[in-house]
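Novice: Have a look at the structure that comes next, please.
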Amino acid sequence: MSSEHVDVLVVGAGLSGVGAACHLQVECPDKTYAILESRGAIGGTWDLFRYPGIRSDSDMFTLGYAFRPWTGAKAIADGHSIREYIEDTAREYGVEDKIRFHHEVLSADWSSADARWTVTARRTDTGETVRLTCSWLQVCSGYYRYDEGFRPEFPGEERFPGEVIHPQHWPEDFDATGKRIVVIGSGATAVTLVPNLADDAAHVTMLQRTPSYILTQPGTDPLARILRSRLPANVAYPIVRWKNVLATTALFQASRRWPGAVKKVLRRLTEKQLPASIDVDTHFNPPYDPWDQRLCLVPDGDLFRHLRNGTASIATDRIATFTETGIQLESGQHLDADVIITATGLNLLPMGGMTLSLDGEQVDVSETVSYKGMMLSGVPNFSMVIGYTNASWTLKADLVNRYVCRLLRHMDERGQAVATPVAPPEGADLPFLDLASGYVQRSLAALPKQGRRTPWKLHQNYIRDVRLMRRGPLEDEGIRFSSAPVRAERAVA
Ligand SMILES: Cc1cc2nc3c(=O)[nH]c(=O)nc-3n(C[C@H](O)[C@H](O)[C@H](O)COP(=O)(O)OP(=O)(O)OC[C@H]3O[C@@H](n4cnc5c(N)ncnc54)[C@H](O)[C@@H]3O)c2cc1C
């Protein structure tokens, strides 16, 4: 067994992992911890993605940490500023020194006899294998594959002689000047890329098979501007944060209750921003209800501005084949292109690809049930951060990270060493995520299930979760505690 042991081992140094460490630092100062990060940098998503215009698509007052005000001018911020914010937070909280870069976690095995995890990592710089033990494992590895974005095969690809680029692997030296560019996709990445490339390109066409709902939001928050000029940051920030929580919750709940009415409002808002030549019902009328998939935000209507001034256009059609000069659509239209960008999404990857085992027996995560959206039935002393799909990721990450600290302190006070969630007695059959988006649907089979009631149900509702996780009891029917190491029993759905 390895000689190095930490109380808590965090996997990943992105927004969630750095947040977890800050909470540990402040709320559990007696605990030892380390962060293993497979890349050579802090920031995760916000360091990896480098395409032009990369930005958040939720506001920074909720994507920022509850404990450290976002003081940037923009509410919808660029990737670079978000990376800096995460780095500055890590520095300010003394977390930087705890990060071990180039450590990719491959597996973790729980020993019931020792009540600890043995974690195996591979050094991505030297190839060396490293082993550590920990009493608690906190996985903050995000939700998608870093090495490869999702990229369907298109017919006739070999015919196209120009560059085909996936936004996850953006070439540093790319120059859009004077080029005719087709961006395939209709999600957050496509609607970010189109206006940003259109500034320099000869023309940009957004080619989508299915439209998305797109909502314009001010790039800077008017309330934040006023409050910041009159109040200290730590007073203004939570006010704007709660205003945005309530606004996004209200829009989501309204979409669920009155989808037809919300659809109409979104259609009207979109139509107002379009030139007469672009038909709202052809290009901005998705065949699903608002929030069945994530809603796309565009800051200050930048996408619509480019559609109006003609530097960008939109096509809603199916690809028949790539050609020597661009893309032939099934309708018969041809899109001329020098460059094609496949903004076709992510490959979901639960727990950064690592495997879990209990006393040598591998855990099939798809057979487990999530407890409060952060632990797995039958898996002791383990937690993970998966953010909201209908609100900013960090709202949930903050709740989970705080909850883990509460739980650790609670266990210490009561002399308990092991916390193991159990599956609901009636079983659980709901998928972990209820988004209709392709990247979610492609991966549901590999994710845990959720139950139909608290504490196994994921409410995707911050206000409810605040009550449950910040103030709610730590002991309930969904979790068992034990003081002395006992053999972990696997509870499955
Ligand atoms: C382009 C893009 C835009 C987004 N915009 C928003 C937005 O506006 N609002 C929002 O709420 N969400 C957004 N998201 C979701 C986004 O991923 C989260 O907001 C947030 O960045 C997640 O932070 P994280 O730390 O949990 O995960 P990540 O940012 O993915 O970081 C995970 C870290 O874990 C490391 N890691 C992974 N596996 C291992 C392993 N096995 N061993 C060691 N280290 C590992 C990775 O290298 C990485 O550094 C966006 C996602 C993308 C891709």
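Residues in the structure tokens are named by chain (A, B, ... in the order shown) and by number from 1 within that chain; ligands are numbered from 1 in the order shown.
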Hey, which residues sit close to ligand 1? Say within 7 Å, counting only C-alpha atoms and all ligand atoms, and write them as a tab-separated table (two decimals) with all heavy atoms, in the first residue's frame.
Specialist:
```tsv
chain	number	residue	atom	x	y	z
A	11	VAL	N	-10.64	14.98	-7.46
A	11	VAL	CA	-10.21	14.69	-8.84
A	11	VAL	C	-10.66	15.85	-9.72
A	11	VAL	O	-11.86	16.11	-9.84
A	11	VAL	CB	-10.82	13.37	-9.36
A	11	VAL	CG1	-10.37	13.10	-10.79
A	11	VAL	CG2	-10.45	12.21	-8.45
A	12	GLY	N	-9.70	16.57	-10.33
A	12	GLY	CA	-10.05	17.64	-11.25
A	12	GLY	C	-9.83	19.02	-10.66
A	12	GLY	O	-10.24	19.28	-9.52
A	13	ALA	N	-9.18	19.90	-11.41
A	13	ALA	CA	-8.94	21.28	-10.95
A	13	ALA	C	-9.63	22.28	-11.85
A	13	ALA	O	-9.05	23.28	-12.27
A	13	ALA	CB	-7.43	21.55	-10.86
A	14	GLY	N	-10.89	21.99	-12.19
A	14	GLY	CA	-11.72	22.96	-12.92
A	14	GLY	C	-12.48	23.81	-11.91
A	14	GLY	O	-12.13	23.86	-10.72
A	15	LEU	N	-13.54	24.43	-12.40
A	15	LEU	CA	-14.37	25.27	-11.55
A	15	LEU	C	-14.82	24.51	-10.28
A	15	LEU	O	-14.74	25.03	-9.17
A	15	LEU	CB	-15.60	25.67	-12.39
A	15	LEU	CG	-16.48	26.84	-12.03
A	15	LEU	CD1	-15.69	28.09	-11.76
A	15	LEU	CD2	-17.47	27.09	-13.17
A	16	SER	N	-15.24	23.25	-10.45
A	16	SER	CA	-15.78	22.50	-9.31
A	16	SER	C	-14.68	22.04	-8.35
A	16	SER	O	-14.84	22.12	-7.12
A	16	SER	CB	-16.54	21.26	-9.78
A	16	SER	OG	-17.50	21.60	-10.72
A	17	GLY	N	-13.57	21.53	-8.89
A	17	GLY	CA	-12.49	21.01	-8.05
A	17	GLY	C	-11.85	22.13	-7.24
A	17	GLY	O	-11.56	21.94	-6.03
A	36	LEU	N	-5.87	15.93	-7.78
A	36	LEU	CA	-5.17	15.33	-8.92
A	36	LEU	C	-5.82	15.84	-10.20
A	36	LEU	O	-7.04	15.73	-10.37
A	36	LEU	CB	-5.25	13.80	-8.88
A	36	LEU	CG	-4.64	13.11	-7.66
A	36	LEU	CD1	-4.61	11.59	-7.86
A	36	LEU	CD2	-3.23	13.62	-7.35
A	37	GLU	N	-5.03	16.42	-11.07
A	37	GLU	CA	-5.55	17.02	-12.31
A	37	GLU	C	-4.77	16.44	-13.49
A	37	GLU	O	-3.54	16.50	-13.50
A	37	GLU	CB	-5.41	18.55	-12.23
A	37	GLU	CG	-5.55	19.28	-13.54
A	37	GLU	CD	-6.88	19.01	-14.28
A	37	GLU	OE1	-7.94	19.20	-13.69
A	37	GLU	OE2	-6.80	18.58	-15.46
A	38	SER	N	-5.50	15.91	-14.47
A	38	SER	CA	-4.79	15.22	-15.55
A	38	SER	C	-4.08	16.18	-16.51
A	38	SER	O	-3.09	15.83	-17.13
A	38	SER	CB	-5.74	14.31	-16.33
A	38	SER	OG	-6.79	15.05	-16.86
A	39	ARG	N	-4.58	17.43	-16.59
A	39	ARG	CA	-3.95	18.36	-17.52
A	39	ARG	C	-2.83	19.13	-16.81
A	39	ARG	O	-2.56	18.90	-15.64
A	39	ARG	CB	-5.02	19.30	-18.09
A	39	ARG	CG	-6.13	18.49	-18.77
A	39	ARG	CD	-7.26	19.35	-19.31
A	39	ARG	NE	-6.84	20.11	-20.48
A	39	ARG	CZ	-6.81	21.43	-20.55
A	39	ARG	NH1	-7.17	22.16	-19.52
A	39	ARG	NH2	-6.41	22.04	-21.65
A	42	ILE	N	-4.96	24.80	-14.54
A	42	ILE	CA	-6.21	24.96	-13.78
A	42	ILE	C	-7.30	25.40	-14.77
A	42	ILE	O	-7.01	26.01	-15.78
A	42	ILE	CB	-6.03	26.08	-12.72
A	42	ILE	CG1	-5.09	25.63	-11.62
A	42	ILE	CG2	-7.36	26.53	-12.12
A	42	ILE	CD1	-4.88	26.68	-10.52
A	43	GLY	N	-8.55	25.13	-14.47
A	43	GLY	CA	-9.64	25.78	-15.22
A	43	GLY	C	-10.53	24.83	-16.00
A	43	GLY	O	-11.62	25.21	-16.40
A	44	GLY	N	-10.05	23.60	-16.29
A	44	GLY	CA	-10.88	22.63	-17.02
A	44	GLY	C	-11.43	23.21	-18.31
A	44	GLY	O	-10.68	23.69	-19.16
A	45	THR	N	-12.76	23.19	-18.43
A	45	THR	CA	-13.47	23.69	-19.62
A	45	THR	C	-12.93	25.04	-20.08
A	45	THR	O	-12.75	25.27	-21.28
A	45	THR	CB	-14.98	23.87	-19.26
A	45	THR	OG1	-15.50	22.59	-18.88
A	45	THR	CG2	-15.77	24.44	-20.42
A	46	TRP	N	-12.66	25.92	-19.11
A	46	TRP	CA	-12.33	27.30	-19.44
A	46	TRP	C	-10.87	27.47	-19.83
A	46	TRP	O	-10.43	28.56	-20.19
A	46	TRP	CB	-12.76	28.22	-18.29
A	46	TRP	CG	-14.21	27.98	-18.03
A	46	TRP	CD1	-14.75	27.31	-16.97
A	46	TRP	CD2	-15.32	28.30	-18.90
A	46	TRP	NE1	-16.11	27.21	-17.12
A	46	TRP	CE2	-16.49	27.80	-18.29
A	46	TRP	CE3	-15.42	28.95	-20.13
A	46	TRP	CZ2	-17.75	27.93	-18.87
A	46	TRP	CZ3	-16.68	29.08	-20.71
A	46	TRP	CH2	-17.82	28.58	-20.07
A	49	PHE	N	-11.19	25.00	-23.99
A	49	PHE	CA	-11.84	25.54	-25.19
A	49	PHE	C	-11.24	26.89	-25.57
A	49	PHE	O	-11.20	27.80	-24.76
A	49	PHE	CB	-13.36	25.67	-24.95
A	49	PHE	CG	-14.07	24.37	-25.14
A	49	PHE	CD1	-14.15	23.46	-24.09
A	49	PHE	CD2	-14.64	24.03	-26.35
A	49	PHE	CE1	-14.79	22.25	-24.26
A	49	PHE	CE2	-15.29	22.82	-26.53
A	49	PHE	CZ	-15.36	21.93	-25.48
A	54	ILE	N	-15.18	32.19	-27.30
A	54	ILE	CA	-15.59	31.26	-26.22
A	54	ILE	C	-16.03	32.06	-24.99
A	54	ILE	O	-15.31	32.94	-24.51
A	54	ILE	CB	-14.46	30.25	-25.87
A	54	ILE	CG1	-14.73	29.49	-24.56
A	54	ILE	CG2	-13.09	30.91	-25.78
A	54	ILE	CD1	-15.76	28.45	-24.66
A	55	ARG	N	-17.22	31.74	-24.51
A	55	ARG	CA	-17.81	32.51	-23.41
A	55	ARG	C	-18.79	31.62	-22.65
A	55	ARG	O	-19.16	30.55	-23.13
A	55	ARG	CB	-18.58	33.72	-23.97
A	55	ARG	CG	-19.69	33.31	-24.94
A	55	ARG	CD	-20.69	34.39	-25.18
A	55	ARG	NE	-21.62	34.05	-26.24
A	55	ARG	CZ	-22.69	33.28	-26.10
A	55	ARG	NH1	-22.96	32.72	-24.94
A	55	ARG	NH2	-23.50	33.04	-27.12
A	56	SER	N	-19.20	32.11	-21.49
A	56	SER	CA	-20.24	31.39	-20.75
A	56	SER	C	-21.57	31.61	-21.47
A	56	SER	O	-21.71	32.57	-22.23
A	56	SER	CB	-20.35	31.96	-19.33
A	56	SER	OG	-20.77	33.31	-19.37
A	57	ASP	N	-22.51	30.70	-21.24
A	57	ASP	CA	-23.85	31.01	-21.73
A	57	ASP	C	-24.82	31.09	-20.56
A	57	ASP	O	-26.02	31.08	-20.72
A	57	ASP	CB	-24.33	30.06	-22.83
A	57	ASP	CG	-24.42	28.62	-22.36
A	57	ASP	OD1	-24.00	28.34	-21.22
A	57	ASP	OD2	-24.90	27.78	-23.14
A	58	SER	N	-24.26	31.18	-19.35
A	58	SER	CA	-25.10	31.62	-18.24
A	58	SER	C	-24.35	32.77	-17.58
A	58	SER	O	-23.17	32.98	-17.82
A	58	SER	CB	-25.42	30.49	-17.27
A	58	SER	OG	-24.28	29.78	-16.91
A	59	ASP	N	-25.07	33.53	-16.73
A	59	ASP	CA	-24.45	34.74	-16.19
A	59	ASP	C	-23.42	34.40	-15.12
A	59	ASP	O	-23.56	33.40	-14.41
A	59	ASP	CB	-25.56	35.63	-15.60
A	59	ASP	CG	-26.10	35.02	-14.33
A	59	ASP	OD1	-26.99	34.14	-14.40
A	59	ASP	OD2	-25.61	35.38	-13.25
A	63	LEU	N	-22.66	31.67	-12.25
A	63	LEU	CA	-21.59	30.72	-12.61
A	63	LEU	C	-20.36	30.94	-11.72
A	63	LEU	O	-19.52	30.07	-11.55
A	63	LEU	CB	-21.22	30.86	-14.10
A	63	LEU	CG	-20.32	29.78	-14.68
A	63	LEU	CD1	-20.97	28.40	-14.61
A	63	LEU	CD2	-19.95	30.07	-16.13
A	103	HIS	N	-1.73	14.34	-13.47
A	103	HIS	CA	-2.09	13.09	-12.81
A	103	HIS	C	-3.50	12.69	-13.26
A	103	HIS	O	-4.49	13.30	-12.81
A	103	HIS	CB	-2.12	13.25	-11.28
A	103	HIS	CG	-0.77	13.24	-10.64
A	103	HIS	ND1	0.16	14.22	-10.84
A	103	HIS	CD2	-0.20	12.34	-9.79
A	103	HIS	CE1	1.25	13.95	-10.14
A	103	HIS	NE2	1.07	12.80	-9.50
A	104	GLU	N	-3.59	11.73	-14.15
A	104	GLU	CA	-4.90	11.28	-14.62
A	104	GLU	C	-5.36	10.11	-13.74
A	104	GLU	O	-4.69	9.06	-13.70
A	104	GLU	CB	-4.80	10.82	-16.08
A	104	GLU	CG	-6.14	10.38	-16.61
A	104	GLU	CD	-6.04	9.72	-17.98
A	104	GLU	OE1	-4.92	9.44	-18.46
A	104	GLU	OE2	-7.10	9.45	-18.55
A	105	VAL	N	-6.48	10.28	-13.07
A	105	VAL	CA	-6.96	9.21	-12.20
A	105	VAL	C	-7.61	8.13	-13.05
A	105	VAL	O	-8.48	8.40	-13.88
A	105	VAL	CB	-7.95	9.76	-11.15
A	105	VAL	CG1	-8.50	8.64	-10.30
A	105	VAL	CG2	-7.27	10.80	-10.27
A	106	LEU	N	-7.16	6.91	-12.85
A	106	LEU	CA	-7.68	5.79	-13.65
A	106	LEU	C	-8.70	4.98	-12.86
A	106	LEU	O	-9.69	4.52	-13.41
A	106	LEU	CB	-6.52	4.86	-14.06
A	106	LEU	CG	-5.37	5.52	-14.85
A	106	LEU	CD1	-4.28	4.50	-15.11
A	106	LEU	CD2	-5.88	6.10	-16.15
A	140	CYS	N	-14.55	15.68	-9.26
A	140	CYS	CA	-14.96	16.94	-9.91
A	140	CYS	C	-14.39	16.95	-11.32
A	140	CYS	O	-13.65	17.86	-11.71
A	140	CYS	CB	-14.43	18.14	-9.13
A	140	CYS	SG	-15.02	18.23	-7.44
A	141	SER	N	-14.70	15.91	-12.07
A	141	SER	CA	-14.05	15.72	-13.36
A	141	SER	C	-14.87	16.25	-14.52
A	141	SER	O	-14.57	15.97	-15.68
A	141	SER	CB	-13.80	14.22	-13.57
A	141	SER	OG	-15.04	13.54	-13.54
A	142	GLY	N	-15.92	17.04	-14.24
A	142	GLY	CA	-16.76	17.54	-15.32
A	142	GLY	C	-17.62	16.42	-15.88
A	142	GLY	O	-17.85	15.40	-15.21
A	143	TYR	N	-18.06	16.56	-17.14
A	143	TYR	CA	-19.02	15.58	-17.64
A	143	TYR	C	-18.75	15.12	-19.06
A	143	TYR	O	-19.57	14.44	-19.64
A	143	TYR	CB	-20.45	16.15	-17.54
A	143	TYR	CG	-20.67	17.39	-18.41
A	143	TYR	CD1	-21.46	17.33	-19.55
A	143	TYR	CD2	-20.07	18.59	-18.09
A	143	TYR	CE1	-21.65	18.46	-20.34
A	143	TYR	CE2	-20.24	19.71	-18.87
A	143	TYR	CZ	-21.04	19.65	-19.99
A	143	TYR	OH	-21.21	20.77	-20.76
A	144	TYR	N	-17.61	15.49	-19.61
A	144	TYR	CA	-17.39	15.10	-21.00
A	144	TYR	C	-15.92	14.74	-21.25
A	144	TYR	O	-15.04	15.05	-20.44
A	144	TYR	CB	-17.81	16.24	-21.95
A	144	TYR	CG	-17.00	17.51	-21.74
A	144	TYR	CD1	-15.81	17.72	-22.40
A	144	TYR	CD2	-17.42	18.49	-20.83
A	144	TYR	CE1	-15.05	18.85	-22.19
A	144	TYR	CE2	-16.67	19.64	-20.62
A	144	TYR	CZ	-15.50	19.81	-21.30
A	144	TYR	OH	-14.74	20.93	-21.08
A	146	TYR	N	-12.33	14.90	-22.66
A	146	TYR	CA	-11.43	16.01	-23.02
A	146	TYR	C	-10.69	15.74	-24.32
A	146	TYR	O	-10.32	16.65	-25.03
A	146	TYR	CB	-10.45	16.27	-21.87
A	146	TYR	CG	-10.98	17.31	-20.92
A	146	TYR	CD1	-12.13	17.06	-20.17
A	146	TYR	CD2	-10.38	18.56	-20.81
A	146	TYR	CE1	-12.66	18.02	-19.34
A	146	TYR	CE2	-10.90	19.53	-19.98
A	146	TYR	CZ	-12.03	19.26	-19.25
A	146	TYR	OH	-12.56	20.23	-18.43
A	189	THR	N	-22.30	26.54	-28.71
A	189	THR	CA	-21.02	26.78	-29.39
A	189	THR	C	-21.24	27.40	-30.76
A	189	THR	O	-20.56	28.36	-31.14
A	189	THR	CB	-20.25	25.44	-29.52
A	189	THR	OG1	-20.09	24.91	-28.21
A	189	THR	CG2	-18.89	25.64	-30.14
A	351	MET	N	-17.46	10.65	-14.58
A	351	MET	CA	-16.31	10.49	-13.68
A	351	MET	C	-14.95	10.45	-14.39
A	351	MET	O	-14.06	9.68	-14.01
A	351	MET	CB	-16.49	9.22	-12.84
A	351	MET	CG	-17.71	9.33	-11.95
A	351	MET	SD	-17.77	8.08	-10.70
A	351	MET	CE	-17.66	6.61	-11.62
A	352	GLY	N	-14.83	11.24	-15.44
A	352	GLY	CA	-13.54	11.36	-16.11
A	352	GLY	C	-12.97	10.04	-16.58
A	352	GLY	O	-11.77	9.90	-16.76
A	353	GLY	N	-13.84	9.05	-16.78
A	353	GLY	CA	-13.38	7.75	-17.30
A	353	GLY	C	-12.80	6.83	-16.25
A	353	GLY	O	-12.40	5.71	-16.54
A	354	MET	N	-12.76	7.28	-14.99
A	354	MET	CA	-12.16	6.40	-13.95
A	354	MET	C	-13.15	5.30	-13.55
A	354	MET	O	-14.35	5.45	-13.69
A	354	MET	CB	-11.74	7.22	-12.73
A	354	MET	CG	-12.88	7.92	-12.04
A	354	MET	SD	-12.31	8.94	-10.67
A	354	MET	CE	-12.06	7.69	-9.43
A	385	VAL	N	-19.45	15.97	-8.32
A	385	VAL	CA	-20.16	17.19	-8.68
A	385	VAL	C	-20.66	17.10	-10.11
A	385	VAL	O	-19.87	16.94	-11.04
A	385	VAL	CB	-19.24	18.44	-8.54
A	385	VAL	CG1	-19.89	19.65	-9.16
A	385	VAL	CG2	-18.92	18.70	-7.08
A	386	ILE	N	-21.97	17.15	-10.25
A	386	ILE	CA	-22.59	17.29	-11.57
A	386	ILE	C	-23.53	18.48	-11.42
A	386	ILE	O	-24.46	18.44	-10.62
A	386	ILE	CB	-23.43	16.05	-11.98
A	386	ILE	CG1	-22.62	14.76	-11.91
A	386	ILE	CG2	-24.07	16.24	-13.35
A	386	ILE	CD1	-21.74	14.47	-13.09
A	388	TYR	N	-26.17	21.74	-12.49
A	388	TYR	CA	-27.54	21.77	-13.04
A	388	TYR	C	-27.50	21.78	-14.56
A	388	TYR	O	-26.56	22.30	-15.16
A	388	TYR	CB	-28.26	23.04	-12.57
A	388	TYR	CG	-28.56	23.03	-11.09
A	388	TYR	CD1	-28.07	24.03	-10.25
A	388	TYR	CD2	-29.35	22.04	-10.54
A	388	TYR	CE1	-28.35	24.03	-8.90
A	388	TYR	CE2	-29.63	22.02	-9.18
A	388	TYR	CZ	-29.12	23.02	-8.37
A	388	TYR	OH	-29.40	23.00	-7.03
A	391	ALA	N	-29.64	25.51	-15.07
A	391	ALA	CA	-29.15	26.73	-14.40
A	391	ALA	C	-27.63	26.60	-14.34
A	391	ALA	O	-27.08	25.60	-14.77
A	391	ALA	CB	-29.73	26.83	-13.00
A	392	SER	N	-26.97	27.60	-13.77
A	392	SER	CA	-25.51	27.56	-13.75
A	392	SER	C	-24.98	26.36	-12.96
A	392	SER	O	-25.47	26.06	-11.86
A	392	SER	CB	-24.96	28.84	-13.14
A	392	SER	OG	-24.94	29.84	-14.10
A	393	TRP	N	-23.98	25.72	-13.52
A	393	TRP	CA	-23.33	24.55	-12.95
A	393	TRP	C	-22.89	24.82	-11.51
A	393	TRP	O	-23.07	24.01	-10.60
A	393	TRP	CB	-22.11	24.25	-13.83
A	393	TRP	CG	-21.30	23.07	-13.45
A	393	TRP	CD1	-20.31	23.02	-12.51
A	393	TRP	CD2	-21.38	21.76	-14.04
A	393	TRP	NE1	-19.76	21.76	-12.46
A	393	TRP	CE2	-20.39	20.97	-13.40
A	393	TRP	CE3	-22.15	21.18	-15.04
A	393	TRP	CZ2	-20.18	19.63	-13.73
A	393	TRP	CZ3	-21.94	19.86	-15.37
A	393	TRP	CH2	-20.97	19.10	-14.72
A	394	THR	N	-22.31	26.00	-11.28
A	394	THR	CA	-21.68	26.29	-9.99
A	394	THR	C	-22.68	26.37	-8.84
A	394	THR	O	-22.31	26.16	-7.68
A	394	THR	CB	-20.88	27.59	-10.09
A	394	THR	OG1	-20.23	27.59	-11.35
A	394	THR	CG2	-19.83	27.71	-9.01
```
Novice: Per residue of range 126-151 of chain A within 12 Å of range 413-429 of chain A, what are the shortest atom pair and its distance in Å to one decimal, counting only C-alpha atoms, with rows by chain and residue number, as a tab-separated table?
Specialist:
```
residue	atom	partner	partner_atom	distance
A:Ser135	CA	A:Ala417	CA	8.3
A:Trp136	CA	A:Val418	CA	9.0
A:Leu137	CA	A:Ala419	CA	11.7
```
Novice: Convert the current residue selection to file output with C-alpha atoms, as a PDB file, in the first residue's frame.
Specialist:
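See again_32.pdb below for the written result:
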```pdb
ATOM      1  CA  SER A 135     -10.670   8.548   3.351  1.00  0.00           C
ATOM      2  CA  TRP A 136     -13.041  10.496   1.105  1.00  0.00           C
ATOM      3  CA  LEU A 137     -13.059  10.698  -2.686  1.00  0.00           C
TER       4      LEU A 137
END
```
Novice: Which neighbours of Val280 in chain A fall inside 10 Å, counting only C-alpha atoms, when residues of the same chain fewer than 5 positions from it are skipped, and could you give them as a CSV table (one decimal) with C-alpha atoms, in the first residue's frame?
Specialist:
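Writing done, so here's out_8.csv:
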```csv
chain,number,residue,atom,x,y,z
A,267,ARG,CA,-40.9,33.4,-31.0
A,268,ARG,CA,-42.0,37.1,-30.7
A,270,THR,CA,-36.7,36.4,-31.9
A,271,GLU,CA,-38.9,37.6,-34.8
A,272,LYS,CA,-38.3,41.3,-33.7
A,273,GLN,CA,-34.6,40.8,-34.1
A,274,LEU,CA,-34.6,39.1,-37.5
A,275,PRO,CA,-34.5,40.8,-40.9
A,285,ASN,CA,-39.1,27.1,-34.1
```
Novice: Could you pull the residues within 6 Å of Val10 in chain A, counting only C-alpha atoms, minus those fewer than 3 positions along the same chain, as a list in words?
Specialist: Ile35, Gln138 and Val139 of chain A
Novice: Could those residues be written to a file, using N, CA, C and O atoms, as a short mmCIF file (atom, residue, chain, number, x, y, z; two decimals), in the first residue's frame?
Specialist:
```
data_model
loop_
_atom_site.label_atom_id
_atom_site.label_comp_id
_atom_site.auth_asym_id
_atom_site.auth_seq_id
_atom_site.Cartn_x
_atom_site.Cartn_y
_atom_site.Cartn_z
N ILE A 35 -5.38 17.63 -4.82
CA ILE A 35 -6.18 17.60 -6.05
C ILE A 35 -5.33 16.95 -7.13
O ILE A 35 -4.19 17.36 -7.35
N GLN A 138 -13.64 12.78 -3.76
CA GLN A 138 -14.56 13.80 -4.29
C GLN A 138 -14.23 14.00 -5.77
O GLN A 138 -13.18 14.55 -6.11
N VAL A 139 -15.11 13.54 -6.65
CA VAL A 139 -14.81 13.59 -8.09
C VAL A 139 -15.42 14.84 -8.73
O VAL A 139 -16.63 15.03 -8.71
#
```
Novice: Fewer than 5 positions away in the same chain doesn't count, so skip those; otherwise give me all residues within 9 Å of Leu227 in chain A, counting only C-alpha atoms, as a list in words.
Specialist: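 That gives Pro222, Pro232, Ala233, Val235, Ala236, Tyr237, Ile239 and Val240 of chain A.
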Novice: Hey, can you spit out that residue selection with C-alpha atoms as a compact mmCIF listing (two decimals), in the first residue's frame?
Specialist:
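See part.txt below for the written result:
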```txt
# COMPACT_ATOMS: atom_id res chain seq x y z
CA PRO A 222 -27.98 46.66 -15.35
CA PRO A 232 -19.35 46.82 -1.53
CA ALA A 233 -18.87 43.79 -3.83
CA VAL A 235 -23.14 42.94 -0.62
CA ALA A 236 -23.98 43.63 -4.27
CA TYR A 237 -22.95 40.17 -5.53
CA ILE A 239 -28.28 40.38 -4.46
CA VAL A 240 -27.58 40.08 -8.20
```
Novice: Please compute the CA of Ile341 in chain A-CA of Asp279 in chain A distance, one decimal, in Å.
Specialist: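 Taking CA of Ile341 in chain A and CA of Asp279 in chain A, their separation equals 23.8 Å.
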Novice: Report the residues of range 384-416 of chain A whose backbone DSSP state falls under alpha helix (DSSP H), written as a count of residues only.
Specialist: 21
Novice: Do a neighbour search on Ala75 in chain A at 6 Å with only C-alpha atoms, toss out local chain neighbours closer than 4 positions, and write the hits as a JSON list (two decimals) with N, CA and C atoms, in the first residue's frame.
Specialist:
```
[["chain", "number", "residue", "atom", "x", "y", "z"],
["A", 59, "ASP", "N", -25.07, 33.53, -16.73],
["A", 59, "ASP", "CA", -24.45, 34.74, -16.19],
["A", 59, "ASP", "C", -23.42, 34.40, -15.12],
["A", 60, "MET", "N", -22.41, 35.25, -15.01],
["A", 60, "MET", "CA", -21.30, 34.97, -14.09],
["A", 60, "MET", "C", -21.67, 35.18, -12.62],
["A", 219, "GLY", "N", -25.34, 41.83, -22.22],
["A", 219, "GLY", "CA", -23.99, 41.34, -21.90],
["A", 219, "GLY", "C", -23.52, 41.81, -20.55],
["A", 220, "THR", "N", -24.01, 43.00, -20.13],
["A", 220, "THR", "CA", -23.71, 43.47, -18.77],
["A", 220, "THR", "C", -25.03, 43.57, -18.02],
["A", 221, "ASP", "N", -24.97, 43.35, -16.70],
["A", 221, "ASP", "CA", -26.20, 43.31, -15.91],
["A", 221, "ASP", "C", -26.51, 44.72, -15.39]]
```
Novice: Kindly assemble as JSON lines a list of the range 182-216 of chain A residues that lie within 10 Å of range 333-338 of chain A, each paired with its nearest atom pair and their distance in Å to one decimal, using only C-alpha atoms, sorted first by chain and then by ascending residue number.
Specialist:
```
{"residue": "A:Val182", "atom": "CA", "partner": "A:Ala337", "partner_atom": "CA", "distance": 6.1}
{"residue": "A:Val183", "atom": "CA", "partner": "A:Ala337", "partner_atom": "CA", "distance": 9.7}
{"residue": "A:His203", "atom": "CA", "partner": "A:Ala337", "partner_atom": "CA", "distance": 9.0}
{"residue": "A:Val204", "atom": "CA", "partner": "A:Ala337", "partner_atom": "CA", "distance": 8.8}
{"residue": "A:Thr205", "atom": "CA", "partner": "A:Leu335", "partner_atom": "CA", "distance": 8.0}
{"residue": "A:Leu207", "atom": "CA", "partner": "A:Leu335", "partner_atom": "CA", "distance": 9.1}
```
Novice: Find the residues around range 449-452 of chain A up to 7 Å (only C-alpha atoms counted), leave out those fewer than 3 positions away in its own chain, and share them as a count of residues only.
Specialist: 12
Novice: Name the closest residue to Pro167 in chain A among the candidates A:Asn401, A:Asn196, A:Ser483, A:Thr344; distances are taken between atoms, counting only C-alpha atoms.
Specialist: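 So, comparing all the options, the nearest one is A:Thr344.
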Novice: If you take only C-alpha atoms and a cut-off of 7 Å, which residues of range 76-161 of chain A touch range 315-331 of chain A, and what are their nearest atom pairs and distances in Å to one decimal, in chain and number order, as JSON lines?
Specialist:
```
{"residue": "A:Phe154", "atom": "CA", "partner": "A:Thr321", "partner_atom": "CA", "distance": 6.8}
{"residue": "A:Pro155", "atom": "CA", "partner": "A:Thr321", "partner_atom": "CA", "distance": 4.8}
{"residue": "A:Gly156", "atom": "CA", "partner": "A:Phe322", "partner_atom": "CA", "distance": 4.8}
{"residue": "A:Glu157", "atom": "CA", "partner": "A:Phe322", "partner_atom": "CA", "distance": 5.3}
{"residue": "A:Arg159", "atom": "CA", "partner": "A:Glu324", "partner_atom": "CA", "distance": 5.2}
{"residue": "A:Phe160", "atom": "CA", "partner": "A:Glu324", "partner_atom": "CA", "distance": 4.6}
{"residue": "A:Pro161", "atom": "CA", "partner": "A:Glu324", "partner_atom": "CA", "distance": 6.3}
```
